$ cat input-v4.tsv   # TSV, C-alpha atoms and all ligand atoms
chain	number	residue	atom	x	y	z
K	1	MET	CA	39.95	4.42	-37.20
K	2	SER	CA	40.88	0.92	-38.19
K	3	ASP	CA	43.66	1.71	-40.59
K	4	SER	CA	47.06	0.73	-39.38
K	5	LEU	CA	49.52	3.29	-38.16
K	6	THR	CA	52.36	1.56	-39.90
K	7	GLU	CA	50.82	1.78	-43.33
K	8	ASP	CA	50.33	5.52	-43.37
K	9	ASN	CA	53.35	7.20	-41.91
K	10	GLN	CA	51.89	9.36	-39.22
K	11	GLY	CA	52.97	12.95	-39.11
K	12	LYS	CA	54.39	12.87	-42.62
K	13	ILE	CA	52.39	14.97	-45.03
K	14	ASP	CA	52.74	14.85	-48.77
K	15	PRO	CA	49.95	16.80	-50.48
K	16	SER	CA	51.07	15.82	-53.97
K	17	ARG	CA	49.82	12.27	-53.26
K	18	TRP	CA	46.46	13.27	-51.83
K	19	VAL	CA	44.37	13.23	-54.98
K	20	GLN	CA	45.72	9.84	-55.95
K	21	ASP	CA	45.44	8.34	-52.46
K	22	TYR	CA	42.20	9.83	-51.18
K	23	GLY	CA	40.36	11.33	-54.15
K	24	ASP	CA	38.12	8.34	-54.90
K	25	LEU	CA	37.61	7.50	-51.23
K	26	LEU	CA	36.48	11.02	-50.33
K	27	TYR	CA	34.34	11.24	-53.43
K	28	SER	CA	32.62	7.92	-52.68
K	29	ILE	CA	31.81	8.91	-49.10
K	30	ALA	CA	30.61	12.36	-50.15
K	31	TYR	CA	28.48	11.01	-52.97
K	32	SER	CA	26.77	8.42	-50.81
K	33	ARG	CA	25.79	11.08	-48.26
K	34	LEU	CA	24.99	14.01	-50.52
K	35	ASN	CA	23.47	12.09	-53.43
K	36	ASP	CA	24.68	14.73	-55.86
K	37	ASP	CA	27.68	14.62	-58.16
K	38	SER	CA	28.76	18.23	-58.17
K	39	ALA	CA	28.11	18.71	-54.45
K	40	ALA	CA	30.28	15.64	-53.78
K	41	GLN	CA	33.09	16.96	-56.01
K	42	ASP	CA	32.92	20.36	-54.33
K	43	ALA	CA	33.15	18.70	-50.93
K	44	VAL	CA	36.28	16.83	-52.01
K	45	GLN	CA	37.85	20.01	-53.34
K	46	GLU	CA	37.07	21.92	-50.15
K	47	THR	CA	38.48	19.08	-48.11
K	48	PHE	CA	41.82	19.26	-49.90
K	49	LEU	CA	41.93	23.05	-49.56
K	50	ALA	CA	41.08	22.89	-45.85
K	51	ALA	CA	43.66	20.15	-45.35
K	52	LEU	CA	46.36	22.29	-47.03
K	53	LYS	CA	45.49	25.19	-44.73
K	54	ALA	CA	45.52	22.99	-41.66
K	55	LYS	CA	48.48	20.80	-42.50
K	56	GLU	CA	50.72	22.50	-39.96
K	57	SER	CA	48.31	21.51	-37.24
K	58	PHE	CA	48.28	17.84	-38.27
K	59	VAL	CA	50.29	16.29	-35.49
K	60	GLY	CA	49.90	12.65	-36.30
K	61	LYS	CA	47.41	11.80	-33.56
K	62	SER	CA	45.57	9.92	-36.27
K	63	THR	CA	46.58	8.68	-39.67
K	64	GLU	CA	46.53	11.05	-42.59
K	65	ARG	CA	43.60	9.13	-44.02
K	66	THR	CA	41.50	9.38	-40.85
K	67	TRP	CA	42.35	13.07	-40.60
K	68	MET	CA	41.28	13.64	-44.18
K	69	VAL	CA	38.01	11.72	-43.78
K	70	GLY	CA	37.33	13.78	-40.63
K	71	ILE	CA	37.69	17.03	-42.57
K	72	LEU	CA	35.38	15.72	-45.29
K	73	LYS	CA	32.75	14.74	-42.71
K	74	HIS	CA	32.77	18.29	-41.36
K	75	LYS	CA	32.19	19.62	-44.86
K	76	ILE	CA	29.35	17.16	-45.44
K	77	THR	CA	27.73	18.14	-42.15
K	78	ASP	CA	27.88	21.82	-43.13
K	79	LEU	CA	26.32	21.08	-46.50
K	80	LEU	CA	23.53	18.93	-45.05
K	81	ARG	CA	22.66	21.57	-42.47
K	82	LYS	CA	22.53	24.19	-45.17
K	83	ARG	CA	20.40	21.94	-47.34
K	84	PHE	CA	17.95	21.36	-44.49
K	85	ARG	CA	17.65	25.06	-43.75
K	86	GLU	CA	17.29	26.06	-47.37
K	87	THR	CA	14.66	23.49	-48.32
K	88	PRO	CA	11.31	25.09	-47.57
K	89	SER	CA	9.60	23.37	-44.65
K	90	ASP	CA	6.14	24.10	-45.97
K	91	LYS	CA	6.90	21.79	-48.83
K	92	VAL	CA	5.71	18.77	-46.87
K	93	ASP	CA	6.84	15.56	-48.44
K	94	ILE	CA	4.31	12.78	-48.24
K	95	LEU	CA	6.34	9.62	-48.42
K	96	PRO	CA	5.27	6.71	-50.62
K	97	VAL	CA	4.86	4.50	-47.53
K	98	GLU	CA	2.49	7.07	-46.03
K	99	GLN	CA	0.36	7.08	-49.16
K	100	GLU	CA	0.00	3.33	-48.87
K	101	HIS	CA	-1.78	3.73	-45.52
K	102	PRO	CA	-0.61	0.49	-43.94
K	103	TYR	CA	-2.60	1.28	-40.78
K	104	GLU	CA	-6.40	1.37	-40.36
K	105	GLN	CA	-7.48	4.99	-40.50
K	106	VAL	CA	-10.88	4.93	-38.82
K	107	GLY	CA	-13.01	2.83	-36.49
K	108	SER	CA	-12.22	0.79	-33.43
K	109	SER	CA	-9.07	-0.69	-34.95
K	110	LYS	CA	-7.69	2.69	-35.98
K	111	GLY	CA	-3.89	2.58	-36.00
K	112	MET	CA	-3.72	-1.22	-36.30
K	113	TRP	CA	-2.06	-2.89	-39.31
K	114	ARG	CA	-4.51	-3.32	-42.17
K	115	PRO	CA	-4.95	-6.87	-43.46
K	116	ASN	CA	-2.02	-7.83	-45.71
K	117	ARG	CA	-0.39	-4.44	-45.21
K	118	GLY	CA	1.84	-5.34	-42.30
K	119	PRO	CA	5.57	-6.01	-42.62
K	120	SER	CA	6.34	-9.25	-44.41
K	121	GLU	CA	8.66	-11.97	-43.18
K	122	TRP	CA	12.01	-11.13	-44.76
K	123	GLY	CA	13.38	-14.61	-44.32
K	124	LYS	CA	16.96	-13.41	-44.47
K	125	ASP	CA	19.56	-13.44	-41.79
K	126	PRO	CA	20.13	-9.76	-41.07
K	127	HIS	CA	23.68	-10.32	-39.92
K	128	LYS	CA	24.59	-12.10	-43.12
K	129	SER	CA	22.89	-9.39	-45.16
K	130	LEU	CA	25.20	-6.77	-43.74
K	131	GLU	CA	28.04	-8.42	-45.63
K	132	ASP	CA	25.99	-8.64	-48.80
K	133	SER	CA	26.86	-6.16	-51.53
K	134	GLU	CA	23.41	-6.66	-53.07
K	135	PHE	CA	21.82	-5.48	-49.82
K	136	ARG	CA	24.14	-2.50	-49.61
K	137	ARG	CA	23.24	-1.52	-53.14
K	138	PHE	CA	19.53	-1.50	-52.32
K	139	LEU	CA	20.14	0.33	-49.06
K	140	GLN	CA	21.89	3.10	-50.99
K	141	ILE	CA	19.13	3.22	-53.62
K	142	CYS	CA	16.49	3.54	-50.91
K	143	LEU	CA	18.47	6.21	-49.06
K	144	ASP	CA	18.79	8.17	-52.29
K	145	GLN	CA	15.01	8.19	-52.71
K	146	LEU	CA	14.32	10.03	-49.45
K	147	PRO	CA	13.18	13.62	-50.03
K	148	GLU	CA	15.94	16.17	-49.59
K	149	ARG	CA	14.99	17.73	-46.29
K	150	LEU	CA	14.33	14.46	-44.50
K	151	ALA	CA	17.39	12.87	-46.10
K	152	ALA	CA	19.54	15.67	-44.68
K	153	VAL	CA	18.37	15.01	-41.12
K	154	PHE	CA	18.55	11.26	-41.47
K	155	THR	CA	22.05	11.31	-42.96
K	156	LEU	CA	23.33	13.63	-40.24
K	157	TYR	CA	22.02	11.30	-37.57
K	158	GLU	CA	22.47	7.78	-38.95
K	159	LEU	CA	25.47	8.08	-41.30
K	160	GLN	CA	27.38	11.09	-40.04
K	161	GLN	CA	26.41	9.94	-36.54
K	162	GLU	CA	26.03	13.44	-35.24
K	163	ASP	CA	24.77	13.87	-31.70
K	164	ALA	CA	20.95	14.25	-31.57
K	165	LYS	CA	21.08	17.28	-29.25
K	166	LYS	CA	23.50	18.98	-31.59
K	167	ILE	CA	21.30	18.28	-34.61
K	168	CYS	CA	18.27	19.76	-32.83
K	169	LYS	CA	20.26	22.87	-31.97
K	170	ASP	CA	21.86	23.30	-35.39
K	171	LEU	CA	18.63	22.75	-37.31
K	172	ALA	CA	16.39	24.48	-34.76
K	173	VAL	CA	14.02	21.54	-34.40
K	174	SER	CA	12.62	20.02	-31.21
K	175	ALA	CA	13.67	16.56	-30.06
K	176	THR	CA	10.10	15.32	-30.63
K	177	ASN	CA	10.19	16.64	-34.16
K	178	LEU	CA	13.55	14.96	-34.77
K	179	TRP	CA	12.24	11.59	-33.51
K	180	VAL	CA	9.20	11.84	-35.79
K	181	MET	CA	11.37	12.69	-38.81
K	182	LEU	CA	13.73	9.80	-38.05
K	183	HIS	CA	10.83	7.38	-37.83
K	184	ARG	CA	9.31	8.60	-41.08
K	185	CYS	CA	12.63	7.89	-42.81
K	186	ARG	CA	12.97	4.48	-41.19
K	187	ARG	CA	9.42	3.57	-42.20
K	188	GLN	CA	10.11	4.56	-45.76
K	189	LEU	CA	13.47	2.80	-45.90
K	190	ARG	CA	12.05	-0.36	-44.40
K	191	ARG	CA	9.25	-0.42	-46.94
K	192	CYS	CA	11.58	0.42	-49.82
K	193	LEU	CA	13.90	-2.46	-48.91
K	194	GLU	CA	10.94	-4.78	-48.54
K	195	LEU	CA	9.64	-3.89	-52.00
K	196	HIS	CA	12.88	-3.95	-53.92
K	197	TRP	CA	15.36	-6.10	-52.02
K	198	ILE	CA	12.90	-8.72	-50.71
K	199	GLU	CA	10.03	-8.70	-53.18
K	200	GLY	CA	12.14	-7.81	-56.21
K	201	GLU	CA	10.03	-4.99	-57.56
K	202	PRO	CA	12.05	-3.12	-60.21
K	203	VAL	CA	13.56	0.11	-58.93
K	204	SER	CA	13.17	2.25	-62.00
K	205	ARG	CA	9.44	2.85	-61.60
K	206	ARG	CA	9.81	4.63	-58.32
K	207	ASN	CA	12.87	6.45	-59.45
K	208	SER	CA	11.02	8.19	-62.21
K	209	GLU	CA	8.45	9.90	-60.00
V	1	MET	CA	-28.99	0.91	-20.88
V	2	VAL	CA	-25.53	1.86	-19.74
V	3	ASN	CA	-22.98	-0.81	-20.36
V	4	PRO	CA	-21.10	-1.10	-17.08
V	5	LEU	CA	-18.00	-2.27	-18.92
V	6	LYS	CA	-17.91	0.61	-21.32
V	7	ALA	CA	-15.94	3.03	-19.19
V	8	PRO	CA	-13.19	0.59	-18.14
V	9	MET	CA	-12.93	-0.72	-21.67
V	10	MET	CA	-12.51	2.72	-23.09
V	11	LEU	CA	-9.89	3.43	-20.48
V	12	MET	CA	-8.05	0.23	-21.46
V	13	ALA	CA	-8.26	1.10	-25.12
V	14	ARG	CA	-6.77	4.49	-24.41
V	15	MET	CA	-3.95	2.96	-22.42
V	16	LEU	CA	-3.10	0.42	-25.08
V	17	PRO	CA	-1.19	2.02	-27.90
V	18	SER	CA	-2.02	1.13	-31.51
V	19	CYS	CA	0.43	-0.54	-33.87
V	20	GLU	CA	1.14	2.86	-35.39
V	21	GLU	CA	1.96	4.37	-32.00
V	22	VAL	CA	4.08	1.37	-31.03
V	23	GLY	CA	6.01	1.78	-34.28
V	24	GLN	CA	6.87	5.34	-33.32
V	25	MET	CA	7.92	4.26	-29.81
V	26	VAL	CA	10.05	1.42	-31.14
V	27	SER	CA	11.79	3.86	-33.46
V	28	GLU	CA	12.33	6.29	-30.58
V	29	SER	CA	13.81	3.51	-28.47
V	30	LEU	CA	16.75	3.69	-30.89
V	31	ASP	CA	17.18	7.40	-30.16
V	32	ARG	CA	16.36	7.86	-26.48
V	33	ARG	CA	15.59	5.88	-23.35
V	34	LEU	CA	11.83	5.28	-23.21
V	35	SER	CA	10.01	6.04	-19.96
V	36	LEU	CA	8.95	3.10	-17.80
V	37	PRO	CA	5.26	3.33	-18.84
V	38	GLU	CA	6.32	3.46	-22.49
V	39	ARG	CA	8.57	0.45	-22.09
V	40	ILE	CA	5.72	-1.49	-20.49
V	41	GLN	CA	3.29	-0.50	-23.23
V	42	VAL	CA	5.72	-1.53	-25.96
V	43	LYS	CA	6.58	-4.83	-24.25
V	44	LEU	CA	2.91	-5.74	-23.76
V	45	HIS	CA	2.03	-4.85	-27.32
V	46	LEU	CA	4.94	-6.74	-28.84
V	47	ALA	CA	4.06	-9.78	-26.73
V	48	MET	CA	0.63	-9.84	-28.38
V	49	CYS	CA	1.36	-8.58	-31.90
V	50	ALA	CA	3.53	-10.59	-34.29
V	51	LEU	CA	3.47	-7.92	-37.01
V	52	CYS	CA	4.85	-5.27	-34.68
V	53	ARG	CA	7.49	-7.70	-33.44
V	54	ARG	CA	8.56	-8.12	-37.02
V	55	TYR	CA	8.46	-4.38	-37.63
V	56	ALA	CA	10.55	-3.76	-34.51
V	57	SER	CA	13.22	-6.27	-35.44
V	58	GLN	CA	13.44	-4.86	-38.97
V	59	LEU	CA	13.92	-1.30	-37.63
V	60	VAL	CA	16.67	-2.48	-35.30
V	61	PHE	CA	18.34	-4.29	-38.18
V	62	LEU	CA	18.09	-1.21	-40.37
V	63	HIS	CA	19.61	1.00	-37.68
V	64	LYS	CA	22.60	-1.34	-37.34
V	65	ALA	CA	22.92	-1.71	-41.10
V	66	LEU	CA	23.13	2.07	-41.56
V	67	HIS	CA	25.92	2.42	-39.03
V	68	ARG	CA	27.75	-0.42	-40.67
V	69	HIS	CA	27.17	1.12	-44.11
V	70	ALA	CA	28.68	4.42	-42.95
V	71	GLU	CA	31.69	2.83	-41.27
V	72	ASP	CA	32.37	0.61	-44.27
V	73	ALA	CA	32.34	3.58	-46.61
V	74	GLU	CA	34.93	5.33	-44.46
V	75	ALA	CA	37.17	2.29	-44.06
V	76	ARG	CA	36.95	0.88	-47.57
V	77	LYS	CA	40.19	-0.01	-49.29
V	78	GLU	CA	38.60	0.10	-52.72
V	79	PRO	CA	36.16	3.01	-53.03
V	80	ASP	CA	33.03	2.21	-55.02
V	81	ARG	CA	33.14	5.37	-57.09
V	82	GLU	CA	35.87	7.02	-59.16
V	83	LEU	CA	36.38	10.71	-59.79
V	84	PRO	CA	36.05	11.63	-63.46
V	85	ASP	CA	39.48	12.18	-65.02
V	86	SER	CA	38.86	15.87	-65.71
V	87	VAL	CA	37.94	16.47	-62.06
V	88	ARG	CA	40.91	14.46	-60.86
V	89	GLN	CA	43.25	16.55	-63.02
V	90	HIS	CA	41.64	19.78	-61.83
V	91	LEU	CA	42.07	18.74	-58.19
V	92	GLN	CA	45.69	17.69	-58.74
V	93	ASP	CA	46.50	21.06	-60.35
V	94	LEU	CA	44.76	22.87	-57.54
V	95	VAL	CA	46.61	20.99	-54.81
V	96	ASN	CA	49.96	21.45	-56.59
V	97	ARG	CA	49.33	25.17	-56.99
V	98	GLU	CA	48.05	25.75	-53.49
V	99	SER	CA	50.77	23.74	-51.77
V	100	GLN	CA	53.41	25.94	-53.47
V	101	ALA	CA	51.68	29.07	-52.26
K	301	ZN	ZN	0.89	-4.15	-33.41
$ encode --input "input-v4.tsv" --output "structure tokens" --more "lines below"
Ligand SMILES: [Zn+2]
Amino acid sequence: MSDSLTEDNQGKIDPSRWVQDYGDLLYSIAYSRLNDDSAAQDAVQETFLAALKAKESFVGKSTERTWMVGILKHKITDLLRKRFRETPSDKVDILPVEQEHPYEQVGSSKGMWRPNRGPSEWGKDPHKSLEDSEFRRFLQICLDQLPERLAAVFTLYELQQEDAKKICKDLAVSATNLWVMLHRCRRQLRRCLELHWIEGEPVSRRNSE
Amino acid sequence: MVNPLKAPMMLMARMLPSCEEVGQMVSESLDRRLSLPERIQVKLHLAMCALCRRYASQLVFLHKALHRHAEDAEARKEPDRELPDSVRQHLQDLVNRESQA
């Protein structure tokens, strides 16, 4: 949305340049959301094919780049939906953070933070961190560790920024169920960042589960 | 024998959400508008519980960071990943062939 209209001539389409101009961009976006090499490459290929089919209908309302990214996002959404539906729901993933039991499980303080298990003080300025490539690297690592089915929902909502009502309809889940899944992912991501980005625990150990 | 405070205290305890429940509500506040009773419960709890305040601010930060992460990926001038040469060549051939068709 932010690319300038002057840079990319709007309305002018030259498919022979596409791979050179957008190949790496589309691949990077697809890889970060699908976490799979061949799925990402397929998505790029399908994007180019769909763009060729639709090129007559490209009227220059947006730049070629924005148009192309839009097509890719549609493909990614389709793939994530399919992935959610095809991953068996009875295969319940217990997340690492849930195995840690940060909350008291019984007694009068049930549901309260257990001693020394609560969130730690991160001591970083969140707004500065957003610019930090180190932070972004850990964010991507932690996203990649989410189990497939939850990752599909979370990516649709937080990265693809699909409408919640639409996600519920497309995936046939209730709103309550969606909110619980989103929180499970956020809990896990928060803890993963705390462990690796803040406390510096090496990543490889958890990767090799 | 009967503790006269027992009933009201149990009622209070039931009204006051635990840290775990507040965590869920804080997360949901990013996805929907909480009801008035929920907003009051969360506010009261956060006023008393430093750990949940911390948790809440970290979830809000994470939510913003994810949106930023997604927008950056789409706007980036220099993509962080490169297609393997063989795939690039395959795609170029495909586009050339299909755009002739
Ligand atoms: Zn609390």
$ residues_around --input "input-v4.tsv" --residues "segment 145-157 of chain K" --least-positions-apart "6" --cutoff "10 Å" --atoms "only C-alpha atoms" --output "ChimeraX atom specification"
/K:32-35,73,76-89,91-96,163-164,166-168,171,178,181-186,188-189,192,206-207,209 /V:31,66-67,70
$ write_last_selection --input "input-v4.tsv" --atoms "C-alpha atoms" --output "mmCIF file, in the coordinates of the input"
data_model
loop_
_atom_site.group_PDB
_atom_site.id
_atom_site.type_symbol
_atom_site.label_atom_id
_atom_site.label_comp_id
_atom_site.auth_asym_id
_atom_site.auth_seq_id
_atom_site.Cartn_x
_atom_site.Cartn_y
_atom_site.Cartn_z
ATOM 1 C CA SER K 32 26.770 8.420 -50.810
ATOM 2 C CA ARG K 33 25.790 11.080 -48.260
ATOM 3 C CA LEU K 34 24.990 14.010 -50.520
ATOM 4 C CA ASN K 35 23.470 12.090 -53.430
ATOM 5 C CA LYS K 73 32.750 14.740 -42.710
ATOM 6 C CA ILE K 76 29.350 17.160 -45.440
ATOM 7 C CA THR K 77 27.730 18.140 -42.150
ATOM 8 C CA ASP K 78 27.880 21.820 -43.130
ATOM 9 C CA LEU K 79 26.320 21.080 -46.500
ATOM 10 C CA LEU K 80 23.530 18.930 -45.050
ATOM 11 C CA ARG K 81 22.660 21.570 -42.470
ATOM 12 C CA LYS K 82 22.530 24.190 -45.170
ATOM 13 C CA ARG K 83 20.400 21.940 -47.340
ATOM 14 C CA PHE K 84 17.950 21.360 -44.490
ATOM 15 C CA ARG K 85 17.650 25.060 -43.750
ATOM 16 C CA GLU K 86 17.290 26.060 -47.370
ATOM 17 C CA THR K 87 14.660 23.490 -48.320
ATOM 18 C CA PRO K 88 11.310 25.090 -47.570
ATOM 19 C CA SER K 89 9.600 23.370 -44.650
ATOM 20 C CA LYS K 91 6.900 21.790 -48.830
ATOM 21 C CA VAL K 92 5.710 18.770 -46.870
ATOM 22 C CA ASP K 93 6.840 15.560 -48.440
ATOM 23 C CA ILE K 94 4.310 12.780 -48.240
ATOM 24 C CA LEU K 95 6.340 9.620 -48.420
ATOM 25 C CA PRO K 96 5.270 6.710 -50.620
ATOM 26 C CA ASP K 163 24.770 13.870 -31.700
ATOM 27 C CA ALA K 164 20.950 14.250 -31.570
ATOM 28 C CA LYS K 166 23.500 18.980 -31.590
ATOM 29 C CA ILE K 167 21.300 18.280 -34.610
ATOM 30 C CA CYS K 168 18.270 19.760 -32.830
ATOM 31 C CA LEU K 171 18.630 22.750 -37.310
ATOM 32 C CA LEU K 178 13.550 14.960 -34.770
ATOM 33 C CA MET K 181 11.370 12.690 -38.810
ATOM 34 C CA LEU K 182 13.730 9.800 -38.050
ATOM 35 C CA HIS K 183 10.830 7.380 -37.830
ATOM 36 C CA ARG K 184 9.310 8.600 -41.080
ATOM 37 C CA CYS K 185 12.630 7.890 -42.810
ATOM 38 C CA ARG K 186 12.970 4.480 -41.190
ATOM 39 C CA GLN K 188 10.110 4.560 -45.760
ATOM 40 C CA LEU K 189 13.470 2.800 -45.900
ATOM 41 C CA CYS K 192 11.580 0.420 -49.820
ATOM 42 C CA ARG K 206 9.810 4.630 -58.320
ATOM 43 C CA ASN K 207 12.870 6.450 -59.450
ATOM 44 C CA GLU K 209 8.450 9.900 -60.000
ATOM 45 C CA ASP V 31 17.180 7.400 -30.160
ATOM 46 C CA LEU V 66 23.130 2.070 -41.560
ATOM 47 C CA HIS V 67 25.920 2.420 -39.030
ATOM 48 C CA ALA V 70 28.680 4.420 -42.950
#
$ residues_near_ligand --input "input-v4.tsv" --ligand "ligand ZN 301 (chain K)" --cutoff "8 Å" --atoms "all atoms listed in the file" --output "PDB file with C-alpha atoms, keeping the file's coordinate frame"
ATOM      1  CA  MET K 112      -3.720  -1.220 -36.300  1.00  0.00           C
ATOM      2  CA  TRP K 113      -2.060  -2.890 -39.310  1.00  0.00           C
TER       3      TRP K 113
ATOM      4  CA  SER V  18      -2.020   1.130 -31.510  1.00  0.00           C
ATOM      5  CA  CYS V  19       0.430  -0.540 -33.870  1.00  0.00           C
ATOM      6  CA  GLU V  20       1.140   2.860 -35.390  1.00  0.00           C
ATOM      7  CA  VAL V  22       4.080   1.370 -31.030  1.00  0.00           C
ATOM      8  CA  GLY V  23       6.010   1.780 -34.280  1.00  0.00           C
ATOM      9  CA  HIS V  45       2.030  -4.850 -27.320  1.00  0.00           C
ATOM     10  CA  LEU V  46       4.940  -6.740 -28.840  1.00  0.00           C
ATOM     11  CA  MET V  48       0.630  -9.840 -28.380  1.00  0.00           C
ATOM     12  CA  CYS V  49       1.360  -8.580 -31.900  1.00  0.00           C
ATOM     13  CA  ALA V  50       3.530 -10.590 -34.290  1.00  0.00           C
ATOM     14  CA  LEU V  51       3.470  -7.920 -37.010  1.00  0.00           C
ATOM     15  CA  CYS V  52       4.850  -5.270 -34.680  1.00  0.00           C
ATOM     16  CA  ARG V  53       7.490  -7.700 -33.440  1.00  0.00           C
TER      17      ARG V  53
END
$ interface_residues --input "input-v4.tsv" --of "chain K" --to "chain V" --cutoff "7 Å" --atoms "only C-alpha atoms" --output "number ranges by chain"
K: 15-16, 19, 23-25, 27-29, 45, 52, 103, 111-113, 118-119, 126, 130, 158-159, 179, 183, 186
$ write_last_selection --input "input-v4.tsv" --atoms "C-alpha atoms" --output "compact mmCIF listing (two decimals), in the coordinates of the input"
# COMPACT_ATOMS: atom_id res chain seq x y z
CA PRO K 15 49.95 16.80 -50.48
CA SER K 16 51.07 15.82 -53.97
CA VAL K 19 44.37 13.23 -54.98
CA GLY K 23 40.36 11.33 -54.15
CA ASP K 24 38.12 8.34 -54.90
CA LEU K 25 37.61 7.50 -51.23
CA TYR K 27 34.34 11.24 -53.43
CA SER K 28 32.62 7.92 -52.68
CA ILE K 29 31.81 8.91 -49.10
CA GLN K 45 37.85 20.01 -53.34
CA LEU K 52 46.36 22.29 -47.03
CA TYR K 103 -2.60 1.28 -40.78
CA GLY K 111 -3.89 2.58 -36.00
CA MET K 112 -3.72 -1.22 -36.30
CA TRP K 113 -2.06 -2.89 -39.31
CA GLY K 118 1.84 -5.34 -42.30
CA PRO K 119 5.57 -6.01 -42.62
CA PRO K 126 20.13 -9.76 -41.07
CA LEU K 130 25.20 -6.77 -43.74
CA GLU K 158 22.47 7.78 -38.95
CA LEU K 159 25.47 8.08 -41.30
CA TRP K 179 12.24 11.59 -33.51
CA HIS K 183 10.83 7.38 -37.83
CA ARG K 186 12.97 4.48 -41.19
$ atom_distance --input "input-v4.tsv" --atom1 "atom CA of Asn177 of chain K" --atom2 "atom CA of Leu34 of chain V"
15.9 Å
$ axis_aligned_box --input "input-v4.tsv" --around "segment 100-105 of chain K" --padding-each-side "4 Å" --output "JSON"
{"center_x": -3.7, "center_y": 2.7, "center_z": -44.6, "size_x": 15.5, "size_y": 12.5, "size_z": 16.5}
$ atom_distance --input "input-v4.tsv" --atom1 "atom CA of Ser62 of chain K" --atom2 "atom CA of Gln20 of chain K"
19.7 Å
$ residues_around --input "input-v4.tsv" --residues "Arg191 of chain K" --least-positions-apart "4" --cutoff "8 Å" --atoms "all atoms listed in the file" --output "list in words"
Val97, Pro119, Arg187 and Leu195 of chain K
$ residues_around --input "input-v4.tsv" --residues "Leu72 of chain K" --least-positions-apart "5" --cutoff "10 Å" --atoms "only C-alpha atoms" --output "ChimeraX atom specification"
/K:26-27,29-30,40,43-48,50-51,66-67,77-78
$ write_last_selection --input "input-v4.tsv" --atoms "C-alpha atoms" --output "PDB file, in the coordinates of the input"
ATOM      1  CA  LEU K  26      36.480  11.020 -50.330  1.00  0.00           C
ATOM      2  CA  TYR K  27      34.340  11.240 -53.430  1.00  0.00           C
ATOM      3  CA  ILE K  29      31.810   8.910 -49.100  1.00  0.00           C
ATOM      4  CA  ALA K  30      30.610  12.360 -50.150  1.00  0.00           C
ATOM      5  CA  ALA K  40      30.280  15.640 -53.780  1.00  0.00           C
ATOM      6  CA  ALA K  43      33.150  18.700 -50.930  1.00  0.00           C
ATOM      7  CA  VAL K  44      36.280  16.830 -52.010  1.00  0.00           C
ATOM      8  CA  GLN K  45      37.850  20.010 -53.340  1.00  0.00           C
ATOM      9  CA  GLU K  46      37.070  21.920 -50.150  1.00  0.00           C
ATOM     10  CA  THR K  47      38.480  19.080 -48.110  1.00  0.00           C
ATOM     11  CA  PHE K  48      41.820  19.260 -49.900  1.00  0.00           C
ATOM     12  CA  ALA K  50      41.080  22.890 -45.850  1.00  0.00           C
ATOM     13  CA  ALA K  51      43.660  20.150 -45.350  1.00  0.00           C
ATOM     14  CA  THR K  66      41.500   9.380 -40.850  1.00  0.00           C
ATOM     15  CA  TRP K  67      42.350  13.070 -40.600  1.00  0.00           C
ATOM     16  CA  THR K  77      27.730  18.140 -42.150  1.00  0.00           C
ATOM     17  CA  ASP K  78      27.880  21.820 -43.130  1.00  0.00           C
TER      18      ASP K  78
END
$ atom_distance --input "input-v4.tsv" --atom1 "atom CA of Trp122 of chain K" --atom2 "atom CA of Glu194 of chain K"
7.5 Å
